[in-house]
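One structure below.
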Amino acid sequence: MVRTWAKLWREAEKARRRAHAPYSRFFVGAAIECDDGSVISGCNVENASYGLTVCAERNAVGAMVRQGLKPVRVAIVVDHSRPVPPCGMCRQVLAEFAAPGVEVRSRTLDGKELSTTVGELLPWAFGGGFLDAAKRRKRRR
Ligand code: THU
């Protein structure tokens with residue numbers, strides 16, 4: 001699906017250019033192809049109160065949820081010497097919505113690329129299924 005990835009890279013790069021990262025100067029763009037074929041992107045948004053920073057991937061996921069869509073593939077673009085993987089928080093958030101087989105690719109501006117899947121990024125993921133079992137239990141504690 002070369003055309004799809006080409007579009008994802010384009011959209012992720014457009015988003016990267018909008019990143020608000022004056023503190024780290026680490027500008028990240030992410031793009032998600034959704035189950036209806038549309039592409040939704042996000043950039044990292046930092047804050048002077050550093051801990052409030054939201055990564056590009058999570059901003060893209062939030063916009064996707066708003067549209068009522070599911071992810072089919074995910075692209076991440078960074079201006080770095082090596083492709084950058086999603087952080088642990090973003091892996092957990094991605095796993096909430098993406099099947100383990102969903103492909104995640106990361107790319108540098110000069111075209112170095114790595115490919116993996118949501119399941120590889122977060123094996124033995126904690127998910128809502130664990131909470132369902134807890135809710136079914138009669139005992140209070
Ligand atoms: N960041 C992302 O947006 N995505 C990643 O995959 C890794 C890190 C952002 C968060 C912060 O704005 C900056 O990169 C440095 O950590």
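Labeling convention for the structure tokens: chains A, B, ... as they appear, residues from 1 per chain, ligands from 1 in order of appearance.
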Using only C-alpha atoms and all ligand atoms, I'd like a table of the residues in chain A that come within 7 Å of ligand 1; for each, show the closest atom pair and its distance in Å rounded to one decimal, ordered by chain and ascending number, as JSON lines.
```
{"residue": "A:Ala21", "atom": "CA", "partner": "ligand 1", "partner_atom_place_in_ligand_line": "12 (O)", "distance": 5.5}
{"residue": "A:Ser24", "atom": "CA", "partner": "ligand 1", "partner_atom_place_in_ligand_line": "15 (C)", "distance": 5.4}
{"residue": "A:Phe26", "atom": "CA", "partner": "ligand 1", "partner_atom_place_in_ligand_line": "13 (C)", "distance": 5.0}
{"residue": "A:Phe27", "atom": "CA", "partner": "ligand 1", "partner_atom_place_in_ligand_line": "14 (O)", "distance": 6.3}
{"residue": "A:Val28", "atom": "CA", "partner": "ligand 1", "partner_atom_place_in_ligand_line": "3 (O)", "distance": 4.9}
{"residue": "A:Gly29", "atom": "CA", "partner": "ligand 1", "partner_atom_place_in_ligand_line": "3 (O)", "distance": 7.0}
{"residue": "A:Cys43", "atom": "CA", "partner": "ligand 1", "partner_atom_place_in_ligand_line": "3 (O)", "distance": 6.4}
{"residue": "A:Asn44", "atom": "CA", "partner": "ligand 1", "partner_atom_place_in_ligand_line": "3 (O)", "distance": 4.3}
{"residue": "A:Val45", "atom": "CA", "partner": "ligand 1", "partner_atom_place_in_ligand_line": "12 (O)", "distance": 6.0}
{"residue": "A:Glu46", "atom": "CA", "partner": "ligand 1", "partner_atom_place_in_ligand_line": "12 (O)", "distance": 5.2}
{"residue": "A:Thr53", "atom": "CA", "partner": "ligand 1", "partner_atom_place_in_ligand_line": "12 (O)", "distance": 5.8}
{"residue": "A:Val54", "atom": "CA", "partner": "ligand 1", "partner_atom_place_in_ligand_line": "10 (C)", "distance": 6.3}
{"residue": "A:Cys55", "atom": "CA", "partner": "ligand 1", "partner_atom_place_in_ligand_line": "3 (O)", "distance": 3.2}
{"residue": "A:Ala56", "atom": "CA", "partner": "ligand 1", "partner_atom_place_in_ligand_line": "3 (O)", "distance": 4.0}
{"residue": "A:Glu57", "atom": "CA", "partner": "ligand 1", "partner_atom_place_in_ligand_line": "4 (N)", "distance": 6.0}
{"residue": "A:Val84", "atom": "CA", "partner": "ligand 1", "partner_atom_place_in_ligand_line": "6 (O)", "distance": 6.0}
{"residue": "A:Pro85", "atom": "CA", "partner": "ligand 1", "partner_atom_place_in_ligand_line": "6 (O)", "distance": 5.3}
{"residue": "A:Pro86", "atom": "CA", "partner": "ligand 1", "partner_atom_place_in_ligand_line": "6 (O)", "distance": 3.5}
{"residue": "A:Cys87", "atom": "CA", "partner": "ligand 1", "partner_atom_place_in_ligand_line": "6 (O)", "distance": 5.1}
```
**OP:** Return the single residue from A:Glu13, A:Gln92, A:Asn47, A:Val104 that is closest to Glu33 (chain A), with distances computed using only C-alpha atoms.
**Re:** A:Val104
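Of the listed residues A:Cys90, A:Asp79, A:Asp35, A:Val102, the one whose atoms come nearest to Gly62 (chain A) is A:Cys90, with distances taken using only C-alpha atoms.
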Long-range neighbours of Gly42 (chain A) as a tab-separated table (two decimals) with all heavy atoms, in the first residue's frame, 12 Å cut-off, only C-alpha atoms, 3 positions minimum in chain:
```
chain	number	residue	atom	x	y	z
A	8	LEU	N	0.32	9.17	4.33
A	8	LEU	CA	0.54	9.29	5.78
A	8	LEU	C	1.80	10.09	6.09
A	8	LEU	O	1.81	10.93	6.98
A	8	LEU	CB	0.64	7.90	6.41
A	8	LEU	CG	-0.69	7.19	6.64
A	8	LEU	CD1	-0.46	5.78	7.16
A	8	LEU	CD2	-1.56	7.96	7.63
A	11	GLU	N	1.08	13.77	5.52
A	11	GLU	CA	0.24	14.39	6.55
A	11	GLU	C	0.98	14.50	7.88
A	11	GLU	O	0.83	15.49	8.60
A	11	GLU	CB	-1.05	13.57	6.73
A	11	GLU	CG	-1.98	13.63	5.52
A	11	GLU	CD	-2.40	15.06	5.19
A	11	GLU	OE1	-2.77	15.80	6.10
A	11	GLU	OE2	-2.35	15.43	4.00
A	12	ALA	N	1.78	13.49	8.20
A	12	ALA	CA	2.55	13.53	9.46
A	12	ALA	C	3.56	14.66	9.40
A	12	ALA	O	3.78	15.38	10.39
A	12	ALA	CB	3.24	12.18	9.70
A	13	GLU	N	4.16	14.84	8.25
A	13	GLU	CA	5.16	15.91	8.12
A	13	GLU	C	4.50	17.30	8.18
A	13	GLU	O	5.04	18.23	8.78
A	13	GLU	CB	5.96	15.70	6.82
A	13	GLU	CG	6.92	16.82	6.44
A	13	GLU	CD	7.90	17.25	7.55
A	13	GLU	OE1	8.04	16.54	8.56
A	13	GLU	OE2	8.50	18.34	7.40
A	14	LYS	N	3.30	17.40	7.59
A	14	LYS	CA	2.58	18.67	7.69
A	14	LYS	C	2.27	18.99	9.15
A	14	LYS	O	2.41	20.12	9.61
A	14	LYS	CB	1.25	18.60	6.91
A	14	LYS	CG	1.37	19.09	5.49
A	14	LYS	CD	0.01	19.48	4.93
A	14	LYS	CE	-0.69	18.30	4.32
A	14	LYS	NZ	-2.04	18.59	3.82
A	15	ALA	N	1.85	17.96	9.88
A	15	ALA	CA	1.53	18.15	11.32
A	15	ALA	C	2.80	18.50	12.09
A	15	ALA	O	2.78	19.38	12.96
A	15	ALA	CB	0.90	16.87	11.88
A	16	ARG	N	3.90	17.83	11.76
A	16	ARG	CA	5.16	18.08	12.48
A	16	ARG	C	5.53	19.55	12.40
A	16	ARG	O	6.03	20.14	13.36
A	16	ARG	CB	6.28	17.21	11.89
A	16	ARG	CG	7.54	17.17	12.74
A	16	ARG	CD	8.68	16.50	11.99
A	16	ARG	NE	9.16	17.35	10.90
A	16	ARG	CZ	10.03	18.34	11.05
A	16	ARG	NH1	10.54	18.62	12.23
A	16	ARG	NH2	10.40	19.08	10.02
A	17	ARG	N	5.25	20.14	11.27
A	17	ARG	CA	5.60	21.55	11.10
A	17	ARG	C	4.77	22.47	11.99
A	17	ARG	O	5.12	23.63	12.18
A	17	ARG	CB	5.46	21.95	9.62
A	17	ARG	CG	6.52	21.27	8.79
A	17	ARG	CD	6.42	21.57	7.32
A	17	ARG	NE	7.62	21.06	6.68
A	17	ARG	CZ	8.80	21.67	6.69
A	17	ARG	NH1	8.92	22.86	7.25
A	17	ARG	NH2	9.84	21.12	6.12
A	18	ARG	N	3.67	21.95	12.51
A	18	ARG	CA	2.82	22.73	13.42
A	18	ARG	C	3.16	22.45	14.88
A	18	ARG	O	2.49	22.99	15.78
A	18	ARG	CB	1.35	22.37	13.20
A	18	ARG	CG	0.84	22.71	11.82
A	18	ARG	CD	0.35	24.13	11.80
A	18	ARG	NE	-0.39	24.37	10.58
A	18	ARG	CZ	-0.49	25.57	10.04
A	18	ARG	NH1	0.09	26.61	10.61
A	18	ARG	NH2	-1.17	25.73	8.94
A	19	ALA	N	4.10	21.57	15.14
A	19	ALA	CA	4.38	21.17	16.54
A	19	ALA	C	4.71	22.40	17.38
A	19	ALA	O	5.38	23.34	16.91
A	19	ALA	CB	5.53	20.18	16.57
A	20	HIS	N	4.23	22.39	18.59
A	20	HIS	CA	4.56	23.45	19.55
A	20	HIS	C	5.56	22.84	20.52
A	20	HIS	O	5.18	22.18	21.49
A	20	HIS	CB	3.29	23.92	20.27
A	20	HIS	CG	3.58	24.94	21.32
A	20	HIS	ND1	3.95	26.24	21.02
A	20	HIS	CD2	3.57	24.86	22.67
A	20	HIS	CE1	4.15	26.91	22.14
A	20	HIS	NE2	3.93	26.10	23.16
A	27	PHE	N	10.51	18.22	17.36
A	27	PHE	CA	9.22	18.39	16.67
A	27	PHE	C	8.76	17.06	16.10
A	27	PHE	O	9.48	16.44	15.31
A	27	PHE	CB	9.35	19.44	15.56
A	27	PHE	CG	9.87	20.77	16.07
A	27	PHE	CD1	11.22	21.08	15.99
A	27	PHE	CD2	9.01	21.68	16.65
A	27	PHE	CE1	11.70	22.29	16.47
A	27	PHE	CE2	9.48	22.90	17.14
A	27	PHE	CZ	10.83	23.21	17.05
A	28	VAL	N	7.56	16.64	16.48
A	28	VAL	CA	7.07	15.32	16.08
A	28	VAL	C	5.71	15.47	15.39
A	28	VAL	O	4.86	16.26	15.83
A	28	VAL	CB	6.90	14.38	17.30
A	28	VAL	CG1	6.55	12.97	16.87
A	28	VAL	CG2	8.17	14.38	18.16
A	29	GLY	N	5.52	14.69	14.33
A	29	GLY	CA	4.21	14.63	13.67
A	29	GLY	C	3.76	13.18	13.60
A	29	GLY	O	4.59	12.28	13.44
A	30	ALA	N	2.47	12.96	13.74
A	30	ALA	CA	1.93	11.61	13.63
A	30	ALA	C	0.71	11.65	12.73
A	30	ALA	O	-0.02	12.65	12.71
A	30	ALA	CB	1.55	11.08	15.01
A	31	ALA	N	0.50	10.58	11.98
A	31	ALA	CA	-0.70	10.50	11.14
A	31	ALA	C	-1.27	9.09	11.26
A	31	ALA	O	-0.52	8.11	11.28
A	31	ALA	CB	-0.37	10.83	9.70
A	32	ILE	N	-2.58	9.02	11.35
A	32	ILE	CA	-3.26	7.74	11.48
A	32	ILE	C	-4.19	7.56	10.28
A	32	ILE	O	-5.01	8.44	10.00
A	32	ILE	CB	-4.11	7.69	12.77
A	32	ILE	CG1	-3.23	7.94	13.99
A	32	ILE	CG2	-4.84	6.36	12.89
A	32	ILE	CD1	-4.02	8.07	15.30
A	39	VAL	N	-7.34	10.23	6.85
A	39	VAL	CA	-6.08	10.34	7.58
A	39	VAL	C	-6.20	11.49	8.58
A	39	VAL	O	-6.60	12.60	8.22
A	39	VAL	CB	-4.91	10.60	6.62
A	39	VAL	CG1	-3.62	10.89	7.39
A	39	VAL	CG2	-4.72	9.40	5.70
A	45	VAL	N	2.44	19.00	21.54
A	45	VAL	CA	2.09	20.32	22.07
A	45	VAL	C	2.67	20.41	23.48
A	45	VAL	O	2.19	19.73	24.40
A	45	VAL	CB	0.56	20.53	22.08
A	45	VAL	CG1	0.22	21.90	22.65
A	45	VAL	CG2	-0.01	20.39	20.67
A	54	VAL	N	1.75	17.07	25.57
A	54	VAL	CA	1.05	15.93	24.96
A	54	VAL	C	1.76	15.58	23.65
A	54	VAL	O	2.03	16.44	22.82
A	54	VAL	CB	-0.44	16.26	24.68
A	54	VAL	CG1	-1.15	15.03	24.11
A	54	VAL	CG2	-1.13	16.71	25.95
A	55	CYS	N	2.08	14.31	23.50
A	55	CYS	CA	2.81	13.84	22.31
A	55	CYS	C	1.94	13.90	21.05
A	55	CYS	O	0.70	13.90	21.13
A	55	CYS	CB	3.25	12.39	22.49
A	55	CYS	SG	4.44	12.14	23.79
A	56	ALA	N	2.61	13.89	19.92
A	56	ALA	CA	1.93	13.91	18.62
A	56	ALA	C	0.96	12.74	18.47
A	56	ALA	O	-0.17	12.91	18.00
A	56	ALA	CB	2.98	13.85	17.52
A	57	GLU	N	1.40	11.57	18.90
A	57	GLU	CA	0.57	10.37	18.72
A	57	GLU	C	-0.73	10.49	19.49
A	57	GLU	O	-1.81	10.17	18.99
A	57	GLU	CB	1.32	9.12	19.22
A	57	GLU	CG	2.57	8.78	18.43
A	57	GLU	CD	3.82	9.47	18.97
A	57	GLU	OE1	3.72	10.61	19.48
A	57	GLU	OE2	4.90	8.87	18.86
A	58	ARG	N	-0.64	10.97	20.75
A	58	ARG	CA	-1.87	11.06	21.55
A	58	ARG	C	-2.79	12.15	21.04
A	58	ARG	O	-4.01	12.02	21.12
A	58	ARG	CB	-1.52	11.26	23.03
A	58	ARG	CG	-1.38	9.92	23.75
A	58	ARG	CD	-0.95	10.08	25.17
A	58	ARG	NE	0.39	10.61	25.23
A	58	ARG	CZ	0.79	11.58	26.07
A	58	ARG	NH1	-0.07	12.11	26.90
A	58	ARG	NH2	2.03	11.98	26.06
A	59	ASN	N	-2.23	13.20	20.51
A	59	ASN	CA	-3.11	14.23	19.94
A	59	ASN	C	-3.83	13.69	18.71
A	59	ASN	O	-5.00	13.99	18.49
A	59	ASN	CB	-2.30	15.49	19.62
A	59	ASN	CG	-2.14	16.36	20.86
A	59	ASN	OD1	-3.03	16.44	21.70
A	59	ASN	ND2	-1.00	17.01	20.99
A	60	ALA	N	-3.14	12.88	17.91
A	60	ALA	CA	-3.78	12.28	16.72
A	60	ALA	C	-4.87	11.30	17.16
A	60	ALA	O	-5.96	11.28	16.59
A	60	ALA	CB	-2.73	11.58	15.85
A	61	VAL	N	-4.57	10.50	18.18
A	61	VAL	CA	-5.58	9.54	18.66
A	61	VAL	C	-6.82	10.27	19.17
A	61	VAL	O	-7.95	9.88	18.87
A	61	VAL	CB	-4.99	8.61	19.77
A	61	VAL	CG1	-6.09	7.83	20.46
A	61	VAL	CG2	-3.95	7.66	19.19
A	62	GLY	N	-6.63	11.36	19.91
A	62	GLY	CA	-7.77	12.12	20.42
A	62	GLY	C	-8.65	12.62	19.28
A	62	GLY	O	-9.89	12.52	19.35
A	63	ALA	N	-8.03	13.14	18.24
A	63	ALA	CA	-8.80	13.66	17.09
A	63	ALA	C	-9.53	12.52	16.38
A	63	ALA	O	-10.67	12.68	15.91
A	63	ALA	CB	-7.86	14.39	16.13
A	64	MET	N	-8.87	11.36	16.32
A	64	MET	CA	-9.49	10.19	15.68
A	64	MET	C	-10.73	9.75	16.46
A	64	MET	O	-11.78	9.44	15.89
A	64	MET	CB	-8.46	9.06	15.62
A	64	MET	CG	-8.98	7.76	15.09
A	64	MET	SD	-7.91	6.39	15.59
A	64	MET	CE	-8.39	6.17	17.30
A	74	VAL	N	-0.33	3.61	11.47
A	74	VAL	CA	0.13	4.82	12.17
A	74	VAL	C	1.53	5.18	11.65
A	74	VAL	O	2.41	4.31	11.53
A	74	VAL	CB	0.21	4.57	13.70
A	74	VAL	CG1	0.69	5.82	14.42
A	74	VAL	CG2	-1.14	4.12	14.25
A	75	ALA	N	1.72	6.47	11.36
A	75	ALA	CA	3.03	6.96	10.89
A	75	ALA	C	3.52	8.07	11.82
A	75	ALA	O	2.74	8.92	12.24
A	75	ALA	CB	2.90	7.50	9.46
A	76	ILE	N	4.81	8.02	12.12
A	76	ILE	CA	5.41	9.03	13.00
A	76	ILE	C	6.62	9.63	12.27
A	76	ILE	O	7.45	8.88	11.73
A	76	ILE	CB	5.90	8.38	14.32
A	76	ILE	CG1	4.73	7.70	15.03
A	76	ILE	CG2	6.58	9.40	15.22
A	76	ILE	CD1	5.16	6.68	16.08
A	77	VAL	N	6.71	10.96	12.26
A	77	VAL	CA	7.84	11.62	11.60
A	77	VAL	C	8.60	12.48	12.59
A	77	VAL	O	7.98	13.25	13.35
A	77	VAL	CB	7.37	12.49	10.42
A	77	VAL	CG1	8.50	13.34	9.88
A	77	VAL	CG2	6.81	11.62	9.31
```
Original post:
Quick one: DSSP alpha helix (DSSP H) residues in region 15-139 of chain A, as JSON, numbers by chain?
Top reply: {"A": [15, 16, 56, 57, 58, 59, 60, 61, 62, 63, 64, 65, 66, 88, 89, 90, 91, 92, 93, 94, 95, 96, 97, 118, 119, 120, 121, 128, 129, 130, 131, 132, 133, 134, 135, 136]}
**OP:** Find the residue from A:Leu122, A:Val78, A:Ala48, A:Leu109 that sits nearest to Glu96 (chain A); use only C-alpha atoms when measuring.
**Re:** A:Leu122
Subject >> Secondary structure check, strand (DSSP E) residues of chain A, as a ChimeraX atom specification >> reply: /A:28-34,39-43,71-78,103-108,113-117
**OP:** Excluding region 114-121 of chain A and any residue of its chain fewer than 2 positions from it, enumerate the residues within 7 Å of it, using only C-alpha atoms, and give them as number ranges by chain.
**Re:** A: 83, 91, 95, 100-107, 123
Dump of C-alpha atoms for the selected residues, as a CSV table (one decimal), in the first residue's frame:
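Contents of result_8.csv, freshly written:
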```csv
chain,number,residue,atom,x,y,z
A,83,PRO,CA,13.4,6.8,13.7
A,91,ARG,CA,1.8,2.9,23.5
A,95,ALA,CA,-3.4,-0.1,22.5
A,100,PRO,CA,-2.2,-5.6,18.1
A,101,GLY,CA,-1.6,-6.1,14.4
A,102,VAL,CA,-1.9,-2.4,13.5
A,103,GLU,CA,1.4,-1.4,11.9
A,104,VAL,CA,3.3,1.6,13.3
A,105,ARG,CA,6.1,3.1,11.2
A,106,SER,CA,8.5,5.8,12.2
A,107,ARG,CA,10.6,7.8,9.8
A,123,PRO,CA,3.1,-6.9,24.7
```
Original post:
Out of A:Lys138, A:Arg10, A:Pro71, A:Gly128, which residue has the shortest atom-to-atom distance to Ala98 (chain A) when counting only C-alpha atoms?
Top reply: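 Between A:Lys138, A:Arg10, A:Pro71, A:Gly128, the residue approaching Ala98 (chain A) most closely is A:Pro71.
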